[in-house]
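A.B. asks: Hey, dropping entry_5.cif in here, mmCIF, C-alpha atoms:
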data_input
loop_
_atom_site.group_PDB
_atom_site.id
_atom_site.type_symbol
_atom_site.label_atom_id
_atom_site.label_comp_id
_atom_site.auth_asym_id
_atom_site.auth_seq_id
_atom_site.Cartn_x
_atom_site.Cartn_y
_atom_site.Cartn_z
ATOM 1 C CA GLY T 1 173.158 272.714 -45.249
ATOM 2 C CA PRO T 2 170.703 273.234 -42.384
ATOM 3 C CA ALA T 3 169.750 276.826 -43.331
ATOM 4 C CA PRO T 4 166.853 275.945 -45.721
ATOM 5 C CA VAL T 5 165.452 273.508 -43.117
ATOM 6 C CA VAL T 6 165.658 276.182 -40.412
ATOM 7 C CA GLU T 7 163.948 278.723 -42.668
ATOM 8 C CA ALA T 8 161.184 276.273 -43.613
ATOM 9 C CA THR T 9 160.635 275.414 -39.936
ATOM 10 C CA ALA T 10 160.602 279.122 -39.016
ATOM 11 C CA ALA T 11 158.058 279.769 -41.790
ATOM 12 C CA GLU T 12 155.862 277.004 -40.362
ATOM 13 C CA LEU T 13 156.135 278.560 -36.888
ATOM 14 C CA GLU T 14 155.110 281.934 -38.317
ATOM 15 C CA SER T 15 152.150 280.300 -40.061
ATOM 16 C CA ILE T 16 151.011 278.620 -36.825
ATOM 17 C CA LEU T 17 151.265 281.924 -34.950
ATOM 18 C CA HIS T 18 149.062 283.526 -37.632
ATOM 19 C CA GLU T 19 146.517 280.692 -37.271
ATOM 20 C CA LEU T 20 146.524 281.179 -33.492
ATOM 21 C CA ILE T 21 145.813 284.883 -34.010
ATOM 22 C CA VAL T 22 142.819 284.048 -36.237
ATOM 23 C CA GLU T 23 141.440 281.577 -33.658
ATOM 24 C CA HIS T 24 141.865 284.020 -30.771
ATOM 25 C CA GLU T 25 140.253 286.847 -32.761
ATOM 26 C CA GLN T 26 137.243 284.548 -33.227
ATOM 27 C CA MET T 27 137.261 283.937 -29.467
ATOM 28 C CA LEU T 28 137.101 287.718 -28.934
ATOM 29 C CA THR T 29 134.107 287.961 -31.272
ATOM 30 C CA LEU T 30 132.413 285.130 -29.371
ATOM 31 C CA ALA T 31 133.185 286.833 -26.042
ATOM 32 C CA ALA T 32 131.344 289.932 -27.284
ATOM 33 C CA ALA T 33 128.365 287.783 -28.355
ATOM 34 C CA GLN T 34 128.434 286.015 -24.995
ATOM 35 C CA LYS T 35 128.428 289.359 -23.144
ATOM 36 C CA GLN T 36 125.411 290.435 -25.234
ATOM 37 C CA ALA T 37 123.584 287.174 -24.451
ATOM 38 C CA LEU T 38 124.278 287.639 -20.728
ATOM 39 C CA ARG T 39 123.142 291.269 -20.879
ATOM 40 C CA GLN T 40 119.868 290.113 -22.462
ATOM 41 C CA ALA T 41 119.670 287.132 -20.063
ATOM 42 C CA SER T 42 119.208 284.908 -23.108
ATOM 43 C CA PRO T 43 120.324 281.364 -22.219
ATOM 44 C CA ARG T 44 119.114 280.022 -25.585
ATOM 45 C CA SER T 45 121.719 282.044 -27.483
ATOM 46 C CA LEU T 46 124.520 280.933 -25.135
ATOM 47 C CA GLY T 47 124.417 277.288 -26.340
ATOM 48 C CA PRO T 48 125.769 277.853 -29.875
ATOM 49 C CA ILE T 49 128.350 280.353 -28.545
ATOM 50 C CA ILE T 50 129.706 277.824 -26.050
ATOM 51 C CA GLU T 51 129.798 275.109 -28.756
ATOM 52 C CA SER T 52 131.811 277.418 -31.023
ATOM 53 C CA GLN T 53 134.168 278.262 -28.151
ATOM 54 C CA ASN T 54 134.750 274.560 -27.480
ATOM 55 C CA THR T 55 135.551 273.943 -31.151
ATOM 56 C CA ILE T 56 138.059 276.813 -31.150
ATOM 57 C CA VAL T 57 139.650 275.624 -27.898
ATOM 58 C CA GLN T 58 140.236 272.202 -29.510
ATOM 59 C CA ARG T 59 141.770 273.810 -32.617
ATOM 60 C CA VAL T 60 143.982 276.027 -30.441
ATOM 61 C CA ALA T 61 145.136 272.976 -28.448
ATOM 62 C CA ALA T 62 146.126 271.197 -31.695
ATOM 63 C CA LEU T 63 147.952 274.329 -32.951
ATOM 64 C CA GLU T 64 149.734 274.684 -29.597
ATOM 65 C CA LYS T 65 150.951 271.076 -29.807
ATOM 66 C CA ARG T 66 152.353 271.733 -33.286
ATOM 67 C CA ARG T 67 153.863 275.020 -32.138
ATOM 68 C CA LEU T 68 155.682 273.322 -29.234
ATOM 69 C CA VAL T 69 157.103 270.622 -31.506
ATOM 70 C CA ILE T 70 158.340 273.222 -34.000
ATOM 71 C CA VAL T 71 159.816 275.444 -31.282
ATOM 72 C CA CYS T 72 161.731 272.411 -29.951
ATOM 73 C CA GLN T 73 162.955 271.485 -33.450
ATOM 74 C CA LEU T 74 164.049 275.066 -34.128
ATOM 75 C CA GLY T 75 165.656 275.278 -30.701
ATOM 76 C CA GLU T 76 167.725 272.153 -31.373
ATOM 77 C CA ARG T 77 168.781 273.274 -34.852
ATOM 78 C CA LEU T 78 169.645 276.804 -33.761
ATOM 79 C CA ASN T 79 171.526 275.571 -30.708
ATOM 80 C CA LEU T 80 173.974 273.865 -33.058
ATOM 81 C CA SER T 81 174.708 277.088 -34.916
ATOM 82 C CA LYS T 82 174.258 279.681 -32.180
ATOM 83 C CA PRO T 83 176.724 280.440 -29.368
ATOM 84 C CA GLY T 84 175.455 280.452 -25.777
ATOM 85 C CA SER T 85 173.324 277.766 -24.187
ATOM 86 C CA PRO T 86 169.620 277.801 -25.030
ATOM 87 C CA PRO T 87 167.017 278.421 -22.305
ATOM 88 C CA ASP T 88 165.059 275.426 -20.965
ATOM 89 C CA LYS T 89 162.092 276.652 -22.974
ATOM 90 C CA PRO T 90 163.247 278.604 -26.031
ATOM 91 C CA THR T 91 161.438 281.949 -26.261
ATOM 92 C CA LEU T 92 160.401 283.549 -29.538
ATOM 93 C CA ALA T 93 163.013 286.262 -28.937
ATOM 94 C CA TRP T 94 165.761 283.651 -28.459
ATOM 95 C CA LEU T 95 164.670 281.768 -31.593
ATOM 96 C CA ALA T 96 164.337 284.957 -33.652
ATOM 97 C CA ALA T 97 167.871 286.014 -32.725
ATOM 98 C CA GLY T 98 169.217 282.888 -34.444
ATOM 99 C CA LEU T 99 167.140 283.320 -37.602
ATOM 100 C CA PRO T 100 167.737 285.497 -40.663
ATOM 101 C CA THR T 101 166.691 289.034 -39.674
ATOM 102 C CA THR T 102 163.594 289.311 -41.884
ATOM 103 C CA VAL T 103 162.177 285.968 -40.654
ATOM 104 C CA GLY T 104 163.123 286.681 -37.041
ATOM 105 C CA ASP T 105 161.546 290.137 -37.117
ATOM 106 C CA ARG T 106 158.299 288.767 -38.581
ATOM 107 C CA ILE T 107 158.111 286.061 -35.897
ATOM 108 C CA ILE T 108 158.702 288.633 -33.147
ATOM 109 C CA ARG T 109 155.991 290.907 -34.597
ATOM 110 C CA VAL T 110 153.426 288.099 -34.931
ATOM 111 C CA GLY T 111 154.294 286.816 -31.455
ATOM 112 C CA ALA T 112 153.787 290.284 -29.958
ATOM 113 C CA ARG T 113 150.412 290.609 -31.691
ATOM 114 C CA LEU T 114 149.351 287.206 -30.361
ATOM 115 C CA ARG T 115 150.469 288.136 -26.823
ATOM 116 C CA GLU T 116 148.480 291.393 -26.983
ATOM 117 C CA LEU T 117 145.417 289.491 -28.200
ATOM 118 C CA LEU T 118 145.743 286.984 -25.353
ATOM 119 C CA ARG T 119 145.918 289.851 -22.834
ATOM 120 C CA THR T 120 142.742 291.375 -24.298
ATOM 121 C CA LEU T 121 141.004 287.987 -24.186
ATOM 122 C CA GLN T 122 141.957 287.538 -20.521
ATOM 123 C CA GLN T 123 140.378 290.915 -19.724
ATOM 124 C CA GLU T 124 137.248 290.000 -21.717
ATOM 125 C CA HIS T 125 136.905 286.659 -19.943
ATOM 126 C CA ALA T 126 137.314 288.364 -16.559
ATOM 127 C CA ALA T 127 134.523 290.794 -17.552
ATOM 128 C CA LEU T 128 132.384 287.833 -18.667
ATOM 129 C CA ARG T 129 132.900 286.091 -15.320
ATOM 130 C CA ASP T 130 131.724 289.270 -13.576
ATOM 131 C CA ALA T 131 128.714 289.593 -15.907
ATOM 132 C CA ALA T 132 127.765 285.934 -15.366
ATOM 133 C CA ALA T 133 128.124 286.319 -11.589
ATOM 134 C CA SER T 134 125.927 289.429 -11.507
ATOM 135 C CA LEU T 135 123.328 287.709 -13.713
ATOM 136 C CA ALA T 136 123.336 284.714 -11.338
ATOM 137 C CA THR T 137 122.872 287.059 -8.356
ATOM 138 C CA HIS T 138 120.020 288.830 -10.164
ATOM 139 C CA MET T 139 118.331 285.505 -11.036
ATOM 140 C CA GLU T 140 118.642 284.361 -7.409
ATOM 141 C CA ALA T 141 116.906 287.537 -6.247
ATOM 142 C CA VAL T 142 114.151 287.021 -8.844
ATOM 143 C CA MET T 143 113.695 283.403 -7.720
ATOM 144 C CA ARG T 144 113.492 284.514 -4.073
ATOM 145 C CA GLN T 145 110.774 287.018 -5.033
ATOM 146 C CA VAL T 146 108.844 284.413 -7.011
ATOM 147 C CA THR T 147 109.214 281.873 -4.207
ATOM 148 C CA GLY T 148 108.073 284.511 -1.706
ATOM 149 C CA LYS T 149 104.950 285.308 -3.728
ATOM 150 C CA LEU T 150 104.121 281.631 -4.254
ATOM 151 C CA SER T 151 104.687 280.761 -0.603
ATOM 152 C CA HIS T 152 102.102 283.414 0.355
ATOM 153 C CA ALA T 153 99.744 281.586 -1.977
ATOM 154 C CA GLY T 154 100.526 278.446 0.037
ATOM 155 C CA LEU T 155 102.339 276.627 -2.771
ATOM 156 C CA TYR T 156 105.887 276.682 -1.360
ATOM 157 C CA GLY T 157 107.120 275.994 2.118
ATOM 158 C CA ARG T 158 109.646 277.992 4.088
ATOM 159 C CA TYR T 159 112.640 276.330 2.379
ATOM 160 C CA GLY T 160 111.524 277.001 -1.184
ATOM 161 C CA THR T 161 110.199 273.497 -1.748
ATOM 162 C CA VAL T 162 106.665 272.548 -2.767
ATOM 163 C CA GLU T 163 104.619 271.591 0.280
ATOM 164 C CA SER T 164 102.983 268.218 -0.282
ATOM 165 C CA ARG T 165 100.222 268.842 2.297
ATOM 166 C CA VAL T 166 98.945 271.788 0.228
ATOM 167 C CA GLN T 167 96.243 270.852 -2.210
ATOM 168 C CA VAL T 168 95.936 273.255 -5.114
ATOM 169 C CA VAL T 169 92.356 273.661 -6.211
ATOM 170 C CA SER T 170 91.864 275.155 -9.632
ATOM 171 C CA ALA T 171 88.707 276.738 -10.948
ATOM 172 C CA LEU T 172 89.890 276.002 -14.481
ATOM 173 C CA ASP T 173 87.919 273.306 -16.297
ATOM 174 C CA LEU T 174 90.462 271.223 -18.179
ATOM 175 C CA LYS T 175 87.942 268.850 -19.805
ATOM 176 C CA SER T 176 86.335 271.241 -22.276
#
Using the file provided, produce a representation of the structure as structure tokens.
C.D. replies:
Amino acid sequence: GPAPVVEATAAELESILHELIVEHEQMLTLAAAQKQALRQASPRSLGPIIESQNTIVQRVAALEKRRLVIVCQLGERLNLSKPGSPPDKPTLAWLAAGLPTTVGDRIIRVGARLRELLRTLQQEHAALRDAAASLATHMEAVMRQVTGKLSHAGLYGRYGTVESRVQVVSALDLKS
């Protein structure tokens, strides 16, 4: 009958949810590294972090595609054996209710852990946006100071651009 197929499909869903948890935990680790790099104003260390984030985002997208397919398959199979019409988008709770208790409970637990992790990540990314914005504001202020100092030396014009009419004379002998 359909029961072994449903259980196998549910086990695959559980496995995908676990993989998503692993990927999102790595994203949290990277968010911490990114915050550190911003705190130290170290653009060089941001490159590898962003590359890693992009790789994870691609893996998450692939896992999400698989998860959606499996949720649809489970939804169809369970709809045949479960009274009451299914929601447009089957939720984990709806799916779990149609599964054997042990499997359903595990899926609900893993789903809750993933949801909690996603909430934490959202907070971290909001904090990162704030940190990046304050770093950008700080760098702008620094650039204004530098531009101000250089414009007194006659190198920059009023609008922060190099004045072409200014000839810089250097006492440094570059030939020897």
A.B. asks: I'd like the neighbourhood of range 40-56 of chain T as a VMD selection string, where a residue qualifies if any of its atoms comes within 7 Å (using all atoms listed in the file), though same-chain residues fewer than 3 positions away should be ignored.
C.D. replies: chain T and resid 23 27 30 34 36 to 37 59 to 60
A.B. asks: For a quick check of understanding, using all atoms listed in the file, which of T:Leu20, T:Leu38, T:Val110, T:Ala61 has the smallest distance to Ala131 in chain T?
C.D. replies: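 The shortest atom-to-atom distance to Ala131 in chain T comes from T:Leu38.
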A.B. asks: Set the distance at 12 Å and use only C-alpha atoms: which residues neighbour Ala112 in chain T once local chain neighbours fewer than 2 positions away are removed? I'd like the list as number ranges by chain.
C.D. replies: T: 14, 17-18, 21, 91-93, 105-110, 114-119
A.B. asks: Output C-alpha atoms for every residue in the selection just made, as a CSV table (one decimal), in the frame of the given file.
C.D. replies:
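Result file follows (out_11.csv):
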chain,number,residue,atom,x,y,z
T,14,GLU,CA,155.1,281.9,-38.3
T,17,LEU,CA,151.3,281.9,-35.0
T,18,HIS,CA,149.1,283.5,-37.6
T,21,ILE,CA,145.8,284.9,-34.0
T,91,THR,CA,161.4,281.9,-26.3
T,92,LEU,CA,160.4,283.5,-29.5
T,93,ALA,CA,163.0,286.3,-28.9
T,105,ASP,CA,161.5,290.1,-37.1
T,106,ARG,CA,158.3,288.8,-38.6
T,107,ILE,CA,158.1,286.1,-35.9
T,108,ILE,CA,158.7,288.6,-33.1
T,109,ARG,CA,156.0,290.9,-34.6
T,110,VAL,CA,153.4,288.1,-34.9
T,114,LEU,CA,149.4,287.2,-30.4
T,115,ARG,CA,150.5,288.1,-26.8
T,116,GLU,CA,148.5,291.4,-27.0
T,117,LEU,CA,145.4,289.5,-28.2
T,118,LEU,CA,145.7,287.0,-25.4
T,119,ARG,CA,145.9,289.9,-22.8
A.B. asks: Determine the residue membership of the PyMOL selection byres ((chain T and resi 70) around 12) for the file above and supply it as a ChimeraX atom specification.
C.D. replies: /T:5-17,63-69,71-78,90,92,95
A.B. asks: Let me see the file: selected residues, C-alpha atoms, as a PDB file, in the coordinates of the input.
C.D. replies:
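Now in selection_2.pdb:
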ATOM      1  CA  VAL T   5     165.452 273.508 -43.117  1.00  0.00           C
ATOM      2  CA  VAL T   6     165.658 276.182 -40.412  1.00  0.00           C
ATOM      3  CA  GLU T   7     163.948 278.723 -42.668  1.00  0.00           C
ATOM      4  CA  ALA T   8     161.184 276.273 -43.613  1.00  0.00           C
ATOM      5  CA  THR T   9     160.635 275.414 -39.936  1.00  0.00           C
ATOM      6  CA  ALA T  10     160.602 279.122 -39.016  1.00  0.00           C
ATOM      7  CA  ALA T  11     158.058 279.769 -41.790  1.00  0.00           C
ATOM      8  CA  GLU T  12     155.862 277.004 -40.362  1.00  0.00           C
ATOM      9  CA  LEU T  13     156.135 278.560 -36.888  1.00  0.00           C
ATOM     10  CA  GLU T  14     155.110 281.934 -38.317  1.00  0.00           C
ATOM     11  CA  SER T  15     152.150 280.300 -40.061  1.00  0.00           C
ATOM     12  CA  ILE T  16     151.011 278.620 -36.825  1.00  0.00           C
ATOM     13  CA  LEU T  17     151.265 281.924 -34.950  1.00  0.00           C
ATOM     14  CA  LEU T  63     147.952 274.329 -32.951  1.00  0.00           C
ATOM     15  CA  GLU T  64     149.734 274.684 -29.597  1.00  0.00           C
ATOM     16  CA  LYS T  65     150.951 271.076 -29.807  1.00  0.00           C
ATOM     17  CA  ARG T  66     152.353 271.733 -33.286  1.00  0.00           C
ATOM     18  CA  ARG T  67     153.863 275.020 -32.138  1.00  0.00           C
ATOM     19  CA  LEU T  68     155.682 273.322 -29.234  1.00  0.00           C
ATOM     20  CA  VAL T  69     157.103 270.622 -31.506  1.00  0.00           C
ATOM     21  CA  VAL T  71     159.816 275.444 -31.282  1.00  0.00           C
ATOM     22  CA  CYS T  72     161.731 272.411 -29.951  1.00  0.00           C
ATOM     23  CA  GLN T  73     162.955 271.485 -33.450  1.00  0.00           C
ATOM     24  CA  LEU T  74     164.049 275.066 -34.128  1.00  0.00           C
ATOM     25  CA  GLY T  75     165.656 275.278 -30.701  1.00  0.00           C
ATOM     26  CA  GLU T  76     167.725 272.153 -31.373  1.00  0.00           C
ATOM     27  CA  ARG T  77     168.781 273.274 -34.852  1.00  0.00           C
ATOM     28  CA  LEU T  78     169.645 276.804 -33.761  1.00  0.00           C
ATOM     29  CA  PRO T  90     163.247 278.604 -26.031  1.00  0.00           C
ATOM     30  CA  LEU T  92     160.401 283.549 -29.538  1.00  0.00           C
ATOM     31  CA  LEU T  95     164.670 281.768 -31.593  1.00  0.00           C
TER      32      LEU T  95
END
A.B. asks: How big is the axis-aligned box around the listed atoms of range 112-120 of chain T once 8 Å is added on each side, and where is its centre? Give both in Å to one decimal, as lines of an AutoDock Vina configuration file.
C.D. replies:
center_x = 148.3
center_y = 289.2
center_z = -27.3
size_x = 27.0
size_y = 20.4
size_z = 24.9
A.B. asks: What separation in Å, quoted to one decimal, exists between CA of His138 in chain T and CA of His125 in chain T?
C.D. replies: 19.6 Å
A.B. asks: Figure out the distance between CA of Glu124 in chain T and CA of Ala32 in chain T, please, to one decimal in Å.
C.D. replies: 8.1 Å
A.B. asks: For the atom pair CA of Gln26 in chain T and CA of Arg113 in chain T, what is the interatomic distance in Å to one decimal place?
C.D. replies: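 If I compute the distance from CA of Gln26 in chain T to CA of Arg113 in chain T, I get 14.6 Å.
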A.B. asks: Given only C-alpha atoms as the basis, pick out the residue of T:Asp130, T:Pro4, T:His24, T:Ala31 nearest to Leu99 in chain T.
C.D. replies: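 Selected residue with least distance to Leu99 in chain T: T:Pro4.
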A.B. asks: Closest to Thr29 in chain T among T:Val57, T:Leu121, T:Ala96, T:Leu135, using only C-alpha atoms?
C.D. replies: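 With only C-alpha atoms as the atom set, the closest residue is T:Leu121.
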A.B. asks: Restricting the calculation to all atoms listed in the file, which member of T:Thr101, T:Arg39, T:Asn79, T:Leu28 is positioned closest to Ala136 in chain T?
C.D. replies: T:Arg39
